[in-house]
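Below you'll find the structure, written out as structure tokens, and then a few comments.
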There are 2 protein chains.
Amino acid sequence: MNRESLTIGKLAREAGINLETVRYYERRGLLPKPPRTASGYRLFPADATLRLRFIRRSQELGFSLKEIRELLALRVSPRTTSAEIRKRTEVKIADIEQKIKSLESMRKSLRKLTSACAGCGPISECPILESLGGEGA
Amino acid sequence: MNRESLTIGKLAREAGINLETVRYYERRGLLPKPPRTASGYRLFPADATLRLRFIRRSQELGFSLKEIRELLALRVSPRTTSAEIRKRTEVKIADIEQKIKSLESMRKSLRKLTSACAGCGPISECPILESLGGEGA
DNA sequence: CTTGACCCCGTACTACGGTACGGGGTTTAC
DNA sequence: GTAAACCCCGTACCGTAGTACGGGGTCAAG
């Protein structure tokens, strides 16, 4: 157990995540199965911390664990054709851009609200409703 | 029941949401309690549809029902001071901007991946991990 | 060579966000 | 005036994402 490897407890502490949650992510396929010591202890590579933080941030952005697993699976690899990866990646990018648009629309509404506050002017009852109302995907 | 009002069933259909879910949102305080007919039927204002769509979209952006309730409560009203609203709104805007930044960072990583695909060049194992790794809030 | 901190595993429990069910009253259309 | 479609309510149930528990083995320090 050199300093490149982390026991599950250290990893959890470093990433600020419950130890049980790390085990849970492993079960759900979000962390690759780590090698074990002779006695069965998990030895995670140091960059597992990064992966855990990625998972947490992605959840805050509204991705489910299943979607996050798909995001993590996007990589150039000999197993899959470039075209395949490229297609999947472009779908994800479109997803992300939709989210960005929605957030920008919300921000715009909220900014309108703060300027109404500043001016002490009465404004529509709940301006945020003006955002995100569309039918679009 | 003029055509400005919607029964719960119509509202649910228009918003593309399960009827029980509408009741649930009402219980959770995301929809104001609607007036009722003499026999107890709910009569929602037409713009409840907008509100439901806002809720759905916000969920996709990673907001919990509790946070969405807070977003919907942001409005100029006689009940609260301008300064108070302004403060709360600015906090939400900061939230949203953080999300936008994270999404942009993800997008950047994915774009890098597609160009690697295009060039058939080998690239880092999982470039998406390079995004969202930061400690920041 | 024991004590405390750590790890193993399976299983149970929790919170959140719905969704279904079922027994009953109401409204609409024929 | 009756059948179909709709609504009421409470309660039970579900999937997702954890979180806790507990009985047992392991490792490092004194």
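We label chains A, B, ... in the order they appear in the structure tokens, count residues from 1 in each chain, and number ligands from 1 in the order shown.
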After a least-squares superposition on chain A using every in-order C-alpha pair, I'd like chain B written out as a compact mmCIF listing (two decimals) with C-alpha atoms, in the first residue's frame.
```
# COMPACT_ATOMS: atom_id res chain seq x y z
CA MET B 1 0.04 -0.03 -0.14
CA ASN B 2 2.18 2.81 -1.42
CA ARG B 3 1.05 6.40 -1.21
CA GLU B 4 -0.52 6.16 -4.66
CA SER B 5 -3.28 4.01 -3.20
CA LEU B 6 -6.06 4.89 -0.85
CA THR B 7 -8.04 2.72 1.48
CA ILE B 8 -11.74 3.28 1.28
CA GLY B 9 -11.76 5.29 4.49
CA LYS B 10 -9.07 7.70 3.32
CA LEU B 11 -10.71 8.08 -0.04
CA ALA B 12 -14.05 8.84 1.56
CA ARG B 13 -12.49 11.44 3.85
CA GLU B 14 -10.57 13.08 1.03
CA ALA B 15 -13.62 13.35 -1.15
CA GLY B 16 -15.85 14.40 1.72
CA ILE B 17 -18.18 11.48 1.16
CA ASN B 18 -19.60 8.84 3.44
CA LEU B 19 -17.68 5.58 3.29
CA GLU B 20 -20.85 3.60 2.70
CA THR B 21 -21.62 5.84 -0.22
CA VAL B 22 -18.32 4.94 -1.82
CA ARG B 23 -19.21 1.25 -1.55
CA TYR B 24 -22.60 2.09 -2.97
CA TYR B 25 -21.10 3.84 -5.99
CA GLU B 26 -18.85 0.88 -6.56
CA ARG B 27 -21.87 -1.45 -6.53
CA ARG B 28 -23.66 0.85 -8.95
CA GLY B 29 -20.72 0.79 -11.33
CA LEU B 30 -19.66 4.41 -10.91
CA LEU B 31 -16.29 3.44 -9.56
CA PRO B 32 -14.36 0.62 -11.18
CA LYS B 33 -13.80 -2.34 -8.88
CA PRO B 34 -10.51 -1.58 -7.17
CA PRO B 35 -7.79 -4.13 -6.60
CA ARG B 36 -7.64 -5.67 -3.14
CA THR B 37 -4.94 -6.50 -0.66
CA ALA B 38 -4.40 -10.13 0.31
CA SER B 39 -6.81 -9.62 3.18
CA GLY B 40 -9.46 -8.12 0.96
CA TYR B 41 -9.05 -4.38 1.61
CA ARG B 42 -9.81 -2.15 -1.34
CA LEU B 43 -6.95 -0.08 -2.74
CA PHE B 44 -8.22 2.84 -4.78
CA PRO B 45 -5.99 4.76 -7.14
CA ALA B 46 -5.37 8.34 -6.05
CA ASP B 47 -7.52 9.78 -8.82
CA ALA B 48 -10.63 8.08 -7.47
CA THR B 49 -11.02 11.27 -5.45
CA LEU B 50 -11.44 13.20 -8.67
CA ARG B 51 -14.01 10.76 -9.86
CA LEU B 52 -16.02 11.07 -6.66
CA ARG B 53 -15.99 14.83 -6.89
CA PHE B 54 -17.11 14.62 -10.48
CA ILE B 55 -20.01 12.44 -9.40
CA ARG B 56 -21.08 14.86 -6.69
CA ARG B 57 -20.93 17.88 -8.93
CA SER B 58 -22.80 16.14 -11.66
CA GLN B 59 -25.56 15.27 -9.27
CA GLU B 60 -25.93 18.92 -8.39
CA LEU B 61 -26.44 19.55 -12.08
CA GLY B 62 -29.37 17.19 -12.20
CA PHE B 63 -27.76 14.08 -13.61
CA SER B 64 -28.86 10.76 -12.18
CA LEU B 65 -26.32 8.14 -11.21
CA LYS B 66 -27.18 6.28 -14.38
CA GLU B 67 -26.46 9.33 -16.52
CA ILE B 68 -23.25 9.98 -14.65
CA ARG B 69 -22.17 6.42 -15.32
CA GLU B 70 -22.74 7.10 -19.01
CA LEU B 71 -20.77 10.33 -18.87
CA LEU B 72 -17.89 8.55 -17.20
CA ALA B 73 -17.96 5.87 -19.85
CA LEU B 74 -17.29 8.40 -22.59
CA ARG B 75 -13.71 7.95 -23.58
CA VAL B 76 -11.58 6.96 -26.45
CA SER B 77 -10.95 3.28 -26.07
CA PRO B 78 -10.14 0.31 -28.25
CA ARG B 79 -13.48 -1.27 -27.28
CA THR B 80 -15.65 1.24 -29.08
CA THR B 81 -15.43 2.96 -32.41
CA SER B 82 -14.64 6.64 -32.61
CA ALA B 83 -17.87 7.27 -34.44
CA GLU B 84 -19.87 5.64 -31.71
CA ILE B 85 -18.22 7.66 -28.97
CA ARG B 86 -18.55 10.79 -30.98
CA LYS B 87 -22.26 10.27 -31.40
CA ARG B 88 -22.85 9.58 -27.74
CA THR B 89 -20.75 12.53 -26.74
CA GLU B 90 -22.64 14.87 -28.99
CA VAL B 91 -25.91 13.80 -27.44
CA LYS B 92 -24.53 14.60 -24.01
CA ILE B 93 -23.27 17.96 -25.18
CA ALA B 94 -26.74 18.78 -26.45
CA ASP B 95 -28.17 17.81 -23.06
CA ILE B 96 -25.74 20.05 -21.32
CA GLU B 97 -26.44 22.96 -23.61
CA GLN B 98 -30.12 22.65 -22.94
CA LYS B 99 -29.44 22.84 -19.24
CA ILE B 100 -27.24 25.88 -19.71
CA LYS B 101 -29.98 27.60 -21.69
CA SER B 102 -32.57 26.91 -19.04
CA LEU B 103 -30.29 28.20 -16.32
CA GLU B 104 -29.56 31.34 -18.29
CA SER B 105 -33.24 31.90 -18.72
CA MET B 106 -33.77 31.55 -14.98
CA ARG B 107 -30.93 33.91 -14.30
CA LYS B 108 -32.42 36.48 -16.61
CA SER B 109 -35.72 36.36 -14.75
CA LEU B 110 -34.03 36.70 -11.42
CA ARG B 111 -31.98 39.64 -12.61
CA LYS B 112 -35.14 41.34 -13.69
CA LEU B 113 -36.43 40.77 -10.20
CA THR B 114 -33.41 42.33 -8.52
CA SER B 115 -33.65 45.41 -10.64
CA ALA B 116 -37.31 45.71 -9.79
CA CYS B 117 -36.30 45.52 -6.15
CA ALA B 118 -33.67 48.19 -6.65
CA GLY B 119 -36.15 50.54 -8.25
CA CYS B 120 -38.83 49.60 -5.73
CA GLY B 121 -41.11 49.24 -8.71
CA PRO B 122 -43.98 46.82 -8.64
CA ILE B 123 -43.48 44.03 -11.16
CA SER B 124 -45.27 40.94 -12.30
CA GLU B 125 -46.42 38.69 -9.53
CA CYS B 126 -43.74 36.07 -9.97
CA PRO B 127 -41.38 36.89 -12.77
CA ILE B 128 -39.50 33.64 -12.54
CA LEU B 129 -42.48 31.89 -14.00
CA GLU B 130 -41.76 33.68 -17.23
CA SER B 131 -38.70 31.52 -17.63
CA LEU B 132 -38.67 27.83 -18.42
CA GLY B 133 -42.26 27.84 -19.47
CA GLY B 134 -41.57 26.66 -23.00
CA GLU B 135 -42.57 23.32 -24.43
CA GLY B 136 -39.17 22.58 -25.87
CA ALA B 137 -37.20 19.45 -24.95
```
Using DSSP assignments from the backbone, pull out every residue in segment 4-100 of chain B that falls under strand (DSSP E) and give it to me as an NGL selection string.
:B and (5-6 or 44-45)
The selected residues should be written to file as an mmCIF file, in the first residue's frame (atoms: N, CA and C atoms).
```
data_model
loop_
_atom_site.group_PDB
_atom_site.id
_atom_site.type_symbol
_atom_site.label_atom_id
_atom_site.label_comp_id
_atom_site.auth_asym_id
_atom_site.auth_seq_id
_atom_site.Cartn_x
_atom_site.Cartn_y
_atom_site.Cartn_z
ATOM 1 N N SER B 5 -60.363 28.543 -15.931
ATOM 2 C CA SER B 5 -60.049 27.596 -14.867
ATOM 3 C C SER B 5 -59.892 26.189 -15.412
ATOM 4 N N LEU B 6 -59.081 25.437 -14.711
ATOM 5 C CA LEU B 6 -58.807 24.067 -15.125
ATOM 6 C C LEU B 6 -59.110 23.124 -13.978
ATOM 7 N N PHE B 44 -58.050 25.281 -10.917
ATOM 8 C CA PHE B 44 -56.744 25.931 -11.051
ATOM 9 C C PHE B 44 -56.800 27.062 -12.059
ATOM 10 N N PRO B 45 -56.090 28.135 -11.786
ATOM 11 C CA PRO B 45 -55.970 29.191 -12.799
ATOM 12 C C PRO B 45 -55.172 28.655 -13.984
#
```
Contact set, chain C to chain A: 12 Å, only C-alpha atoms (C1' of nucleotides), as number ranges by chain
C: 5-9
Contacts of DA12 of chain C at 12 Å or less, counting only C-alpha atoms (C1' of nucleotides), minus same-chain residues fewer than 5 places along, as number ranges by chain?
D: 19-22
With a distance cut-off of 8 Å and only C-alpha atoms (C1' of nucleotides), select the neighbouring residues of segment 23-30 of chain C, excluding the residue or stretch itself and same-chain residues fewer than 6 positions from it, and output the selection as a PyMOL selection string.
(chain B and resi 39) or (chain D and resi 6-8)
Taking C-alpha atoms (C1' of nucleotides) for each residue, export the selection above as a short mmCIF file (atom, residue, chain, number, x, y, z; two decimals), in the first residue's frame.
```cif
data_model
loop_
_atom_site.label_atom_id
_atom_site.label_comp_id
_atom_site.auth_asym_id
_atom_site.auth_seq_id
_atom_site.Cartn_x
_atom_site.Cartn_y
_atom_site.Cartn_z
CA SER B 39 -68.73 20.13 -4.48
"C1'" DC D 6 -64.32 12.83 -13.64
"C1'" DC D 7 -63.11 14.30 -8.92
"C1'" DC D 8 -62.42 13.68 -3.66
#
```
Atom C1' of DT16 of chain D to atom C1' of DG18 of chain C, straight-line distance in Å:
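Going from atom C1' of DG18 of chain C over to atom C1' of DT16 of chain D covers 11.0 Å.
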Considering only C-alpha atoms (C1' of nucleotides), can you say which of D:DA17, D:DA3, D:DC9, D:DA28 comes closest to chain A?
D:DA17
